[in-house]
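Participant: Below is one structure. I have some questions about it.
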Amino acid sequence: MDTTRKIYPALPHWVAAIYAILALIVAPWIIYLGISLPTRHLSSHWDLSWVGLDIAIVTLLMLNAYYSYKESKWLVMTATATTTALIIDGWFDIASARPGKDFAIALAMALLIELPLAIITFRIALKLVKREHVITDKPPHEHHHSAK
């Protein structure tokens with residue numbers, strides 16, 4: 001049972017559905033990568049590296065879906081980790097792509113999928129942090145008792 005407080009009642013319910021759908025969409029991509037990537041691309045276990053990163057991203061998306069559904073404060077953590085993983089994925093896709101078509105595909109995916117999703121996910125995390133800040137913080141004058 002999730003024992004965290006539900007402090008985000010205004011979070012739209014579609015957020016959980018979107019994360020779940022994204023996780024389901026990425027799962028076949030992992031299978032494709034596992035089948036199609038070469039086992040060596042200037043390093044051993046090239047395919048394992050990329051599949052492992054994408055499995056981490058799917059896991060984070062599933063956690064985002066779960067914590068969104070539960071309206072749990074833990075969504076801030078997993079959404080932040082998801083943002084980071086998506087940026088890393090986009091960066092290494094571009095940095096490691098071969099010139100030509102591979103580079104163009106990597107750049108397009110980073111600019112059209114990974115970076116926008118990272119920005120959206122970060123904005124959700126930031127919104128939740130700001131909401132919690134408003135709920136839990138007291139004005140500075142209430143933190144300190146003066147000795148007058």
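Going through the structure tokens in order, the chains are called A, B, and so on, while each chain numbers its residues from 1 and the ligands are numbered from 1 in the order shown.
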As a VMD selection string, please: every residue in stretch 2-119 of chain A that DSSP puts in alpha helix (DSSP H).

Facilitator: chain A and resid 14 to 36 46 to 69 75 to 96 101 to 109 115 to 119

Participant: Mind dumping a table of every stretch 90-120 of chain A residue within 12 Å of stretch 18-28 of chain A, with the nearest atom pair and its distance in Å to one decimal, using only C-alpha atoms, sorted by chain and rising number, as CSV?

Facilitator:
residue,atom,partner,partner_atom,distance
A:Ile113,CA,A:Leu22,CA,10.9
A:Glu114,CA,A:Leu22,CA,11.5
A:Leu117,CA,A:Leu22,CA,9.9
A:Ile120,CA,A:Tyr19,CA,11.3

Participant: I'd like to know which of A:Thr121, A:Val58, A:Gly52, A:Ala108 is closest to A:Asp93, using only C-alpha atoms.

Facilitator: A:Ala108

Participant: State, in Å with one decimal place, the distance from atom CA of A:Met109 to atom CA of A:Thr83.

Facilitator: 15.0 Å

Participant: In Å, rounded to a single decimal, give me how far atom CA of A:Ile87 is from atom CA of A:Trp74.

Facilitator: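 Here the two named atoms are 20.4 Å from each other.
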
Participant: Ranking A:Tyr32, A:Tyr66, A:Trp14, A:Trp91 by minimum distance to A:Ala110 and counting only C-alpha atoms, which one comes first?

Facilitator: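 Looking only at the distances to A:Ala110, the closest residue turns out to be A:Trp91.
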
Participant: Ranking A:Val76, A:Leu63, A:Ile35, A:Ile30 by minimum distance to A:Lys130 and counting only C-alpha atoms, which one comes first?

Facilitator: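 Closest residue, counting only C-alpha atoms: A:Val76.
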
Participant: Counting only C-alpha atoms, which residue out of A:Leu33, A:Arg40, A:Ala79, A:Glu71 sits closest to A:Phe122?

Facilitator: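 Answer, going by the shortest atom-to-atom distance: A:Ala79.
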
Participant: Any chance you could list, as a CSV table (one decimal) with N, CA and C atoms, in the first residue's frame, the residues in stretch 5-117 of chain A that come up strand (DSSP E or B) when DSSP is run on the backbone?

Facilitator:
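Result went into selection31.csv, see below:
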chain,number,residue,atom,x,y,z
A,6,LYS,N,-1.5,11.9,-0.6
A,6,LYS,CA,-1.9,12.4,-1.9
A,6,LYS,C,-2.0,13.9,-1.9
A,40,ARG,N,28.5,-5.3,-31.9
A,40,ARG,CA,29.7,-4.5,-31.7
A,40,ARG,C,29.6,-3.2,-32.6
A,44,SER,N,32.2,-3.6,-27.2
A,44,SER,CA,31.5,-4.8,-27.0
A,44,SER,C,30.1,-4.6,-26.4
A,72,SER,N,1.0,10.2,-6.0
A,72,SER,CA,2.0,10.1,-5.0
A,72,SER,C,3.1,11.2,-5.2

Participant: Would you mind reading off the distance between atom CA of A:Trp50 and atom CA of A:Asp89, one decimal, in Å?

Facilitator: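 Calculated distance between atom CA of A:Trp50 and atom CA of A:Asp89 is 8.5 Å.
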
Participant: List the neighbours of A:Thr39 out to 12 Å using only C-alpha atoms; skip same-chain residues closer than 5 positions along the sequence, and give me the result as a list in words.

Facilitator: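 So, after excluding close chain neighbours, the residues are Leu33, Gly34, Ser44, His45, Trp46, Asp47, Leu48, Ser49, Trp50 and Val51 of chain A.
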
Participant: Go ahead and dump the residues you just picked, C-alpha atoms, as a PDB file, in the first residue's frame.

Facilitator:
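Final output, saved to result_15.pdb:
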ATOM      1  CA  LEU A  33      16.808  -2.848 -30.941  1.00  0.00           C
ATOM      2  CA  GLY A  34      17.681  -6.203 -29.428  1.00  0.00           C
ATOM      3  CA  SER A  44      31.507  -4.847 -26.994  1.00  0.00           C
ATOM      4  CA  HIS A  45      27.848  -5.402 -26.125  1.00  0.00           C
ATOM      5  CA  TRP A  46      26.667  -2.338 -28.032  1.00  0.00           C
ATOM      6  CA  ASP A  47      23.178  -3.776 -28.280  1.00  0.00           C
ATOM      7  CA  LEU A  48      23.044  -4.523 -24.549  1.00  0.00           C
ATOM      8  CA  SER A  49      24.001  -0.942 -23.742  1.00  0.00           C
ATOM      9  CA  TRP A  50      21.124   0.560 -25.723  1.00  0.00           C
ATOM     10  CA  VAL A  51      18.546  -2.040 -24.757  1.00  0.00           C
TER      11      VAL A  51
END

Participant: Given the choices A:Leu53, A:Ile119, A:Leu11, A:Ala16, which gets closest to A:Phe92 if the distance is worked out from only C-alpha atoms?

Facilitator: A:Leu53
